[in-house]
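Heads up, entry-v2.txt below (compact mmCIF, N, CA and C atoms and all ligand atoms):
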```txt
# COMPACT_ATOMS: atom_id res chain seq x y z
N MET R 85 6.75 42.56 -0.74
CA MET R 85 5.39 42.01 -0.88
C MET R 85 5.41 40.53 -0.48
N SER R 86 4.50 40.14 0.35
CA SER R 86 4.41 38.76 0.79
C SER R 86 3.23 38.08 0.10
N ARG R 87 3.54 37.05 -0.68
CA ARG R 87 2.49 36.34 -1.41
C ARG R 87 2.14 35.06 -0.67
N GLU R 88 0.93 34.97 -0.21
CA GLU R 88 0.48 33.77 0.52
C GLU R 88 -0.79 33.23 -0.11
N PHE R 89 -1.11 31.99 0.23
CA PHE R 89 -2.32 31.37 -0.30
C PHE R 89 -3.46 31.48 0.71
N LEU R 90 -4.61 31.94 0.22
CA LEU R 90 -5.82 31.97 1.03
C LEU R 90 -6.90 31.26 0.24
N ARG R 91 -7.66 30.46 0.93
CA ARG R 91 -8.74 29.73 0.24
C ARG R 91 -9.88 30.70 -0.04
N THR R 92 -10.41 30.59 -1.25
CA THR R 92 -11.57 31.41 -1.60
C THR R 92 -12.67 30.47 -2.10
N TYR R 93 -13.85 30.98 -2.28
CA TYR R 93 -14.98 30.15 -2.68
C TYR R 93 -15.49 30.53 -4.06
N HIS R 94 -15.73 29.51 -4.82
CA HIS R 94 -16.18 29.69 -6.19
C HIS R 94 -17.13 28.54 -6.51
N GLU R 95 -18.14 28.81 -7.32
CA GLU R 95 -19.13 27.78 -7.64
C GLU R 95 -18.65 26.90 -8.80
N TYR R 96 -18.72 25.59 -8.60
CA TYR R 96 -18.30 24.65 -9.65
C TYR R 96 -19.36 23.59 -9.86
N ASP R 97 -19.39 23.03 -11.05
CA ASP R 97 -20.20 21.84 -11.33
C ASP R 97 -19.35 20.64 -10.89
N ILE R 98 -19.80 19.95 -9.85
CA ILE R 98 -18.97 18.90 -9.26
C ILE R 98 -18.68 17.77 -10.25
N GLU R 99 -19.63 17.48 -11.13
CA GLU R 99 -19.40 16.43 -12.14
C GLU R 99 -18.32 16.86 -13.13
N GLU R 100 -18.35 18.13 -13.47
CA GLU R 100 -17.34 18.69 -14.38
C GLU R 100 -15.95 18.63 -13.73
N VAL R 101 -15.89 18.97 -12.45
CA VAL R 101 -14.61 18.93 -11.74
C VAL R 101 -14.09 17.49 -11.71
N LYS R 102 -14.98 16.56 -11.36
CA LYS R 102 -14.58 15.15 -11.25
C LYS R 102 -14.04 14.63 -12.58
N LYS R 103 -14.66 15.09 -13.66
CA LYS R 103 -14.29 14.62 -14.99
C LYS R 103 -12.90 15.10 -15.42
N HIS R 104 -12.45 16.19 -14.85
CA HIS R 104 -11.18 16.78 -15.30
C HIS R 104 -10.19 16.97 -14.15
N LEU R 105 -10.31 16.12 -13.14
CA LEU R 105 -9.49 16.31 -11.94
C LEU R 105 -8.32 15.33 -11.87
N LEU R 106 -7.17 15.89 -11.61
CA LEU R 106 -5.95 15.11 -11.39
C LEU R 106 -5.71 15.09 -9.88
N ILE R 107 -5.54 13.89 -9.32
CA ILE R 107 -5.33 13.77 -7.87
C ILE R 107 -3.88 13.40 -7.60
N TRP R 108 -3.16 14.29 -6.99
CA TRP R 108 -1.77 14.03 -6.65
C TRP R 108 -1.68 13.11 -5.44
N GLY R 109 -0.88 12.05 -5.60
CA GLY R 109 -0.56 11.20 -4.45
C GLY R 109 0.84 11.52 -4.00
N ASP R 110 1.47 10.62 -3.24
CA ASP R 110 2.82 10.88 -2.75
C ASP R 110 3.84 10.89 -3.89
N LEU R 111 3.74 9.91 -4.78
CA LEU R 111 4.72 9.81 -5.87
C LEU R 111 4.10 9.98 -7.24
N THR R 112 2.93 9.44 -7.40
CA THR R 112 2.26 9.51 -8.70
C THR R 112 0.88 10.14 -8.53
N ALA R 113 0.17 10.29 -9.63
CA ALA R 113 -1.15 10.92 -9.59
C ALA R 113 -2.19 9.97 -10.18
N ASP R 114 -3.45 10.23 -9.83
CA ASP R 114 -4.57 9.44 -10.37
C ASP R 114 -5.50 10.35 -11.16
N CYS R 115 -6.27 9.72 -12.05
CA CYS R 115 -7.34 10.40 -12.77
C CYS R 115 -8.62 10.20 -11.98
N ALA R 116 -9.30 11.29 -11.58
CA ALA R 116 -10.53 11.16 -10.79
C ALA R 116 -11.67 10.60 -11.64
N SER R 117 -11.59 10.80 -12.95
CA SER R 117 -12.67 10.38 -13.82
C SER R 117 -12.72 8.86 -14.00
N CYS R 118 -11.58 8.24 -14.33
CA CYS R 118 -11.58 6.79 -14.60
C CYS R 118 -10.75 6.02 -13.59
N ARG R 119 -10.14 6.73 -12.64
CA ARG R 119 -9.33 6.11 -11.59
C ARG R 119 -8.04 5.48 -12.11
N ALA R 120 -7.56 5.90 -13.27
CA ALA R 120 -6.26 5.43 -13.75
C ALA R 120 -5.20 5.84 -12.73
N LEU R 121 -4.28 4.93 -12.44
CA LEU R 121 -3.26 5.17 -11.42
C LEU R 121 -1.90 5.36 -12.07
N GLY R 122 -0.97 5.86 -11.26
CA GLY R 122 0.43 5.90 -11.70
C GLY R 122 0.75 6.95 -12.75
N LEU R 123 -0.02 8.02 -12.80
CA LEU R 123 0.26 9.08 -13.77
C LEU R 123 1.35 10.00 -13.23
N ASP R 124 2.06 10.64 -14.14
CA ASP R 124 3.07 11.61 -13.72
C ASP R 124 2.38 12.96 -13.48
N GLY R 125 2.21 13.30 -12.22
CA GLY R 125 1.45 14.49 -11.84
C GLY R 125 2.07 15.80 -12.30
N TYR R 126 3.37 15.79 -12.61
CA TYR R 126 4.03 17.02 -13.02
C TYR R 126 3.88 17.30 -14.51
N THR R 127 3.60 16.27 -15.29
CA THR R 127 3.60 16.48 -16.74
C THR R 127 2.32 16.08 -17.45
N VAL R 128 1.55 15.14 -16.89
CA VAL R 128 0.41 14.59 -17.64
C VAL R 128 -0.64 15.67 -17.94
N LYS R 129 -1.02 15.78 -19.21
CA LYS R 129 -2.01 16.78 -19.63
C LYS R 129 -3.36 16.12 -19.89
N VAL R 130 -3.28 14.89 -20.41
CA VAL R 130 -4.48 14.14 -20.80
C VAL R 130 -4.34 12.74 -20.21
N CYS R 131 -5.42 12.18 -19.68
CA CYS R 131 -5.36 10.84 -19.11
C CYS R 131 -5.09 9.82 -20.21
N PRO R 132 -4.07 8.98 -20.06
CA PRO R 132 -3.75 7.99 -21.09
C PRO R 132 -4.83 6.91 -21.22
N GLN R 133 -5.66 6.76 -20.18
CA GLN R 133 -6.68 5.70 -20.20
C GLN R 133 -8.02 6.19 -20.74
N CYS R 134 -8.51 7.36 -20.27
CA CYS R 134 -9.85 7.81 -20.69
C CYS R 134 -9.80 9.08 -21.54
N SER R 135 -8.60 9.60 -21.79
CA SER R 135 -8.39 10.77 -22.67
C SER R 135 -8.99 12.07 -22.16
N THR R 136 -9.40 12.13 -20.90
CA THR R 136 -9.91 13.40 -20.40
C THR R 136 -8.73 14.39 -20.25
N SER R 137 -9.03 15.66 -20.46
CA SER R 137 -7.98 16.67 -20.25
C SER R 137 -8.09 17.16 -18.82
N PHE R 138 -6.96 17.39 -18.19
CA PHE R 138 -6.98 17.85 -16.80
C PHE R 138 -7.07 19.36 -16.73
N LYS R 139 -8.02 19.84 -15.90
CA LYS R 139 -8.20 21.29 -15.69
C LYS R 139 -8.03 21.64 -14.22
N TYR R 140 -8.23 20.63 -13.36
CA TYR R 140 -8.19 20.86 -11.92
C TYR R 140 -7.19 19.90 -11.29
N ILE R 141 -6.69 20.29 -10.14
CA ILE R 141 -5.75 19.43 -9.43
C ILE R 141 -6.07 19.47 -7.95
N THR R 142 -5.84 18.35 -7.27
CA THR R 142 -5.99 18.32 -5.82
C THR R 142 -4.95 17.36 -5.28
N SER R 143 -4.84 17.30 -3.96
CA SER R 143 -3.89 16.38 -3.35
C SER R 143 -4.47 15.79 -2.09
N ARG R 144 -4.45 14.46 -2.00
CA ARG R 144 -4.90 13.80 -0.77
C ARG R 144 -4.02 14.20 0.39
N ARG R 145 -2.75 14.41 0.09
CA ARG R 145 -1.77 14.74 1.11
C ARG R 145 -2.08 16.08 1.79
N SER R 146 -2.72 16.97 1.07
CA SER R 146 -3.02 18.27 1.65
C SER R 146 -3.98 18.10 2.82
N GLU R 147 -4.73 17.00 2.82
CA GLU R 147 -5.68 16.76 3.90
C GLU R 147 -5.02 16.05 5.07
N GLU R 148 -4.19 15.05 4.75
CA GLU R 148 -3.55 14.25 5.80
C GLU R 148 -2.54 15.09 6.59
N HIS R 149 -1.92 16.03 5.90
CA HIS R 149 -0.88 16.84 6.54
C HIS R 149 -1.26 18.30 6.36
N SER R 150 -2.17 18.77 7.18
CA SER R 150 -2.71 20.10 6.94
C SER R 150 -1.63 21.18 7.05
N SER R 151 -0.56 20.90 7.81
CA SER R 151 0.51 21.89 7.92
C SER R 151 1.25 22.05 6.60
N GLU R 152 1.22 20.99 5.78
CA GLU R 152 1.91 21.03 4.48
C GLU R 152 1.01 21.55 3.37
N ARG R 153 -0.25 21.81 3.70
CA ARG R 153 -1.22 22.11 2.65
C ARG R 153 -0.73 23.16 1.67
N PHE R 154 -0.27 24.29 2.20
CA PHE R 154 0.06 25.38 1.30
C PHE R 154 1.38 25.16 0.58
N GLN R 155 2.24 24.30 1.13
CA GLN R 155 3.45 23.91 0.38
C GLN R 155 3.06 23.11 -0.85
N ILE R 156 2.06 22.25 -0.68
CA ILE R 156 1.59 21.45 -1.81
C ILE R 156 0.91 22.35 -2.84
N VAL R 157 0.12 23.29 -2.35
CA VAL R 157 -0.55 24.22 -3.26
C VAL R 157 0.51 25.02 -4.03
N ARG R 158 1.56 25.44 -3.33
CA ARG R 158 2.63 26.21 -3.97
C ARG R 158 3.34 25.37 -5.03
N ARG R 159 3.58 24.09 -4.72
CA ARG R 159 4.23 23.20 -5.68
C ARG R 159 3.33 23.02 -6.91
N ALA R 160 2.03 22.86 -6.67
CA ALA R 160 1.10 22.71 -7.78
C ALA R 160 1.10 23.97 -8.65
N LYS R 161 1.11 25.11 -8.00
CA LYS R 161 1.11 26.39 -8.72
C LYS R 161 2.39 26.54 -9.56
N ASP R 162 3.47 26.05 -8.99
CA ASP R 162 4.78 26.09 -9.64
C ASP R 162 4.86 25.16 -10.85
N LYS R 163 4.46 23.91 -10.61
CA LYS R 163 4.62 22.85 -11.62
C LYS R 163 3.47 22.82 -12.61
N ARG R 164 2.27 23.14 -12.15
CA ARG R 164 1.08 23.05 -13.00
C ARG R 164 0.26 24.34 -12.93
N PRO R 165 0.85 25.46 -13.34
CA PRO R 165 0.15 26.75 -13.19
C PRO R 165 -1.15 26.84 -13.97
N GLU R 166 -1.33 25.95 -14.96
CA GLU R 166 -2.54 26.00 -15.78
C GLU R 166 -3.73 25.32 -15.09
N LEU R 167 -3.48 24.58 -14.01
CA LEU R 167 -4.55 23.85 -13.34
C LEU R 167 -5.05 24.62 -12.11
N ILE R 168 -6.35 24.47 -11.83
CA ILE R 168 -6.96 25.13 -10.67
C ILE R 168 -6.89 24.17 -9.49
N PHE R 169 -6.34 24.61 -8.38
CA PHE R 169 -6.22 23.75 -7.20
C PHE R 169 -7.53 23.73 -6.43
N ILE R 170 -8.06 22.51 -6.25
CA ILE R 170 -9.30 22.29 -5.51
C ILE R 170 -8.94 21.68 -4.16
N ASP R 171 -9.57 22.12 -3.10
CA ASP R 171 -9.31 21.53 -1.79
C ASP R 171 -9.90 20.11 -1.75
N TYR R 172 -9.07 19.15 -1.35
CA TYR R 172 -9.48 17.74 -1.41
C TYR R 172 -10.69 17.44 -0.52
N SER R 173 -10.74 18.02 0.67
CA SER R 173 -11.88 17.72 1.56
C SER R 173 -13.16 18.36 1.01
N ASP R 174 -13.05 19.54 0.43
CA ASP R 174 -14.23 20.17 -0.20
C ASP R 174 -14.76 19.25 -1.30
N TYR R 175 -13.83 18.73 -2.10
CA TYR R 175 -14.20 17.88 -3.23
C TYR R 175 -14.89 16.60 -2.74
N THR R 176 -14.27 15.90 -1.79
CA THR R 176 -14.84 14.61 -1.37
C THR R 176 -16.15 14.81 -0.62
N LYS R 177 -16.24 15.86 0.19
CA LYS R 177 -17.49 16.11 0.92
C LYS R 177 -18.63 16.43 -0.04
N THR R 178 -18.35 17.29 -1.00
CA THR R 178 -19.39 17.70 -1.95
C THR R 178 -19.83 16.52 -2.80
N LEU R 179 -18.86 15.72 -3.23
CA LEU R 179 -19.18 14.55 -4.04
C LEU R 179 -20.03 13.56 -3.22
N GLY R 180 -19.69 13.38 -1.96
CA GLY R 180 -20.44 12.49 -1.07
C GLY R 180 -21.86 12.97 -0.88
N GLN R 181 -22.03 14.29 -0.70
CA GLN R 181 -23.37 14.85 -0.53
C GLN R 181 -24.20 14.67 -1.79
N LYS R 182 -23.56 14.84 -2.94
CA LYS R 182 -24.28 14.69 -4.20
C LYS R 182 -24.72 13.25 -4.39
N LYS R 183 -23.82 12.30 -4.07
CA LYS R 183 -24.16 10.87 -4.19
C LYS R 183 -25.34 10.54 -3.30
N ALA R 184 -25.35 11.09 -2.07
CA ALA R 184 -26.45 10.84 -1.13
C ALA R 184 -27.76 11.42 -1.69
N ARG R 185 -27.68 12.65 -2.24
CA ARG R 185 -28.88 13.28 -2.82
C ARG R 185 -29.41 12.47 -3.99
N ASP R 186 -28.49 12.00 -4.87
CA ASP R 186 -28.91 11.22 -6.03
C ASP R 186 -29.55 9.91 -5.60
N PHE R 187 -29.01 9.33 -4.53
CA PHE R 187 -29.50 8.05 -4.05
C PHE R 187 -30.92 8.17 -3.53
N PHE R 188 -31.22 9.26 -2.82
CA PHE R 188 -32.55 9.41 -2.22
C PHE R 188 -33.54 10.13 -3.13
N ALA R 189 -33.07 10.58 -4.28
CA ALA R 189 -33.95 11.34 -5.20
C ALA R 189 -34.96 10.41 -5.85
ZN ZN I 201 -8.80 8.84 -16.85
```
Rewrite the structure from the file as structure tokens, please.
Amino acid sequence: MSREFLRTYHEYDIEEVKKHLLIWGDLTADCASCRALGLDGYTVKVCPQCSTSFKYITSRRSEEHSSERFQIVRRAKDKRPELIFIDYSDYTKTLGQKKARDFFA
């Protein structure tokens, strides 16, 4: 049996995702909610700065190196199986569209 990653679509509340999103960088991770930097992406459960609990994970690197995308997803699945992996470009595009809508509303 060959287990591979395929992107699927699911409806999310973007504000809810932002509030509980851990962003993996090259060495450390950030909190999307309060922008706290330097978190340990492999172990952090709750943001030490704003106390939000992490439910989702994404990686900027998955966008910059699209060939590595699924390796990163696999690592996230391995190290943080309790978190839902969100595609970084989906997240930033949707957040940008929402900000534009809020601005013109
Ligand atoms: Zn935080």
Exercise for review: Please extract the residues at most 6.5 Å from ligand ZN 201 (chain I), counting all atoms listed in the file, and provide them as a list in words, using the chain letters and residue numbers of this document.
Suggested key: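 Taking all atoms listed in the file into account, the residues around ligand ZN 201 (chain I) at most 6.5 Å away are Cys115, Ala116, Ser117, Cys118, Arg119, Ala120, Cys131, Pro132, Gln133, Cys134, Ser135 and Thr136 of chain R.
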**Study point:** Given only C-alpha atoms as the counted atoms, nearest of R:Arg144, R:Arg164, R:His94, R:Arg159 to Trp108 in chain R
**Key:** R:Arg144
Check your understanding: Looking at only C-alpha atoms, which of R:Arg158, R:Arg145, R:Lys182, R:Lys139 is the one that sits closest to Thr112 in chain R?
Key ->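 With only C-alpha atoms as the atom set, the closest residue is R:Arg145.
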Check your understanding: Which residue gives the smallest distance to Lys129 in chain R among R:Ile170, R:Met85, R:Leu111, R:Leu105, with only C-alpha atoms counted?
Key ->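 Selected residue with least distance to Lys129 in chain R: R:Leu105.
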Exercise for review: Rounded to one decimal place, report the atom C of Ile156 in chain R-atom N of Arg91 in chain R distance in Å.
Suggested key: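 Taking atom C of Ile156 in chain R as the start and atom N of Arg91 in chain R as the end point, the length is 12.4 Å.
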Check your understanding: Which residue, R:His104, R:Phe154, R:Ala113, R:Ser173, has the smallest gap to Ile141 in chain R when you use all atoms listed in the file?
Key ->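 Using all atoms listed in the file, the shortest distance to Ile141 in chain R belongs to R:His104.
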Residues near Tyr140 in chain R, anyone? I mean within 7 Å using only N, CA and C atoms, not counting same-chain ones fewer than 6 positions away, as a PDB file with N, CA and C atoms, in the coordinates of the input.
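The resulting result.pdb:
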```
ATOM      1  N   VAL R 101     -15.890  18.970 -12.450  1.00  0.00           N
ATOM      2  CA  VAL R 101     -14.610  18.930 -11.740  1.00  0.00           C
ATOM      3  C   VAL R 101     -14.090  17.490 -11.710  1.00  0.00           C
ATOM      4  N   HIS R 104     -12.450  16.190 -14.850  1.00  0.00           N
ATOM      5  CA  HIS R 104     -11.180  16.780 -15.300  1.00  0.00           C
ATOM      6  C   HIS R 104     -10.190  16.970 -14.150  1.00  0.00           C
ATOM      7  N   LEU R 105     -10.310  16.120 -13.140  1.00  0.00           N
ATOM      8  CA  LEU R 105      -9.490  16.310 -11.940  1.00  0.00           C
ATOM      9  C   LEU R 105      -8.320  15.330 -11.870  1.00  0.00           C
ATOM     10  N   LEU R 106      -7.170  15.890 -11.610  1.00  0.00           N
ATOM     11  CA  LEU R 106      -5.950  15.110 -11.390  1.00  0.00           C
ATOM     12  C   LEU R 106      -5.710  15.090  -9.880  1.00  0.00           C
ATOM     13  N   ILE R 107      -5.540  13.890  -9.320  1.00  0.00           N
ATOM     14  CA  ILE R 107      -5.330  13.770  -7.870  1.00  0.00           C
ATOM     15  C   ILE R 107      -3.880  13.400  -7.600  1.00  0.00           C
ATOM     16  N   GLU R 166      -1.330  25.950 -14.960  1.00  0.00           N
ATOM     17  CA  GLU R 166      -2.540  26.000 -15.780  1.00  0.00           C
ATOM     18  C   GLU R 166      -3.730  25.320 -15.090  1.00  0.00           C
ATOM     19  N   LEU R 167      -3.480  24.580 -14.010  1.00  0.00           N
ATOM     20  CA  LEU R 167      -4.550  23.850 -13.340  1.00  0.00           C
ATOM     21  C   LEU R 167      -5.050  24.620 -12.110  1.00  0.00           C
ATOM     22  N   ILE R 168      -6.350  24.470 -11.830  1.00  0.00           N
ATOM     23  CA  ILE R 168      -6.960  25.130 -10.670  1.00  0.00           C
ATOM     24  C   ILE R 168      -6.890  24.170  -9.490  1.00  0.00           C
ATOM     25  N   PHE R 169      -6.340  24.610  -8.380  1.00  0.00           N
ATOM     26  CA  PHE R 169      -6.220  23.750  -7.200  1.00  0.00           C
ATOM     27  C   PHE R 169      -7.530  23.730  -6.430  1.00  0.00           C
ATOM     28  N   ILE R 170      -8.060  22.510  -6.250  1.00  0.00           N
ATOM     29  CA  ILE R 170      -9.300  22.290  -5.510  1.00  0.00           C
ATOM     30  C   ILE R 170      -8.940  21.680  -4.160  1.00  0.00           C
TER      31      ILE R 170
END
```
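You will find atom N of Pro165 in chain R at 9.0 Å from CA of Tyr126 in chain R.
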Exercise for review: Record the distance separating CA of Lys102 in chain R and CA of Thr176 in chain R, expressed in Å with one decimal.
Suggested key: 9.9 Å
List every residue of chain R that DSSP, applied to the backbone of this structure, assigns to strand (DSSP E), and report them as an mmCIF file with N, CA and C atoms, in the coordinates of the input.
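As a result, states03.cif now contains:
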```
data_model
loop_
_atom_site.group_PDB
_atom_site.id
_atom_site.type_symbol
_atom_site.label_atom_id
_atom_site.label_comp_id
_atom_site.auth_asym_id
_atom_site.auth_seq_id
_atom_site.Cartn_x
_atom_site.Cartn_y
_atom_site.Cartn_z
ATOM 1 N N LEU R 105 -10.310 16.120 -13.140
ATOM 2 C CA LEU R 105 -9.490 16.310 -11.940
ATOM 3 C C LEU R 105 -8.320 15.330 -11.870
ATOM 4 N N LEU R 106 -7.170 15.890 -11.610
ATOM 5 C CA LEU R 106 -5.950 15.110 -11.390
ATOM 6 C C LEU R 106 -5.710 15.090 -9.880
ATOM 7 N N ILE R 107 -5.540 13.890 -9.320
ATOM 8 C CA ILE R 107 -5.330 13.770 -7.870
ATOM 9 C C ILE R 107 -3.880 13.400 -7.600
ATOM 10 N N TRP R 108 -3.160 14.290 -6.990
ATOM 11 C CA TRP R 108 -1.770 14.030 -6.650
ATOM 12 C C TRP R 108 -1.680 13.110 -5.440
ATOM 13 N N ALA R 113 0.170 10.290 -9.630
ATOM 14 C CA ALA R 113 -1.150 10.920 -9.590
ATOM 15 C C ALA R 113 -2.190 9.970 -10.180
ATOM 16 N N ASP R 114 -3.450 10.230 -9.830
ATOM 17 C CA ASP R 114 -4.570 9.440 -10.370
ATOM 18 C C ASP R 114 -5.500 10.350 -11.160
ATOM 19 N N CYS R 115 -6.270 9.720 -12.050
ATOM 20 C CA CYS R 115 -7.340 10.400 -12.770
ATOM 21 C C CYS R 115 -8.620 10.200 -11.980
ATOM 22 N N TYR R 140 -8.230 20.630 -13.360
ATOM 23 C CA TYR R 140 -8.190 20.860 -11.920
ATOM 24 C C TYR R 140 -7.190 19.900 -11.290
ATOM 25 N N ILE R 141 -6.690 20.290 -10.140
ATOM 26 C CA ILE R 141 -5.750 19.430 -9.430
ATOM 27 C C ILE R 141 -6.070 19.470 -7.950
ATOM 28 N N THR R 142 -5.840 18.350 -7.270
ATOM 29 C CA THR R 142 -5.990 18.320 -5.820
ATOM 30 C C THR R 142 -4.950 17.360 -5.280
ATOM 31 N N SER R 143 -4.840 17.300 -3.960
ATOM 32 C CA SER R 143 -3.890 16.380 -3.350
ATOM 33 C C SER R 143 -4.470 15.790 -2.090
ATOM 34 N N ILE R 168 -6.350 24.470 -11.830
ATOM 35 C CA ILE R 168 -6.960 25.130 -10.670
ATOM 36 C C ILE R 168 -6.890 24.170 -9.490
ATOM 37 N N PHE R 169 -6.340 24.610 -8.380
ATOM 38 C CA PHE R 169 -6.220 23.750 -7.200
ATOM 39 C C PHE R 169 -7.530 23.730 -6.430
#
```
Exercise for review: Please identify which residues in range 94-184 of chain R DSSP calls helix (DSSP H, G or I) from the backbone, and express them as a PyMOL selection string.
Suggested key: chain R and resi 98-103+145-148+150-163+172-184
Return as lines of an AutoDock Vina configuration file the centre and edge lengths, in Å with one decimal, of the box along x, y and z that encloses every atom of range 173-179 of chain R in the file, padded by 5 Å per side.
```
center_x = -15.4
center_y = 16.9
center_z = -1.2
size_x = 19.3
size_y = 16.6
size_z = 15.6
```
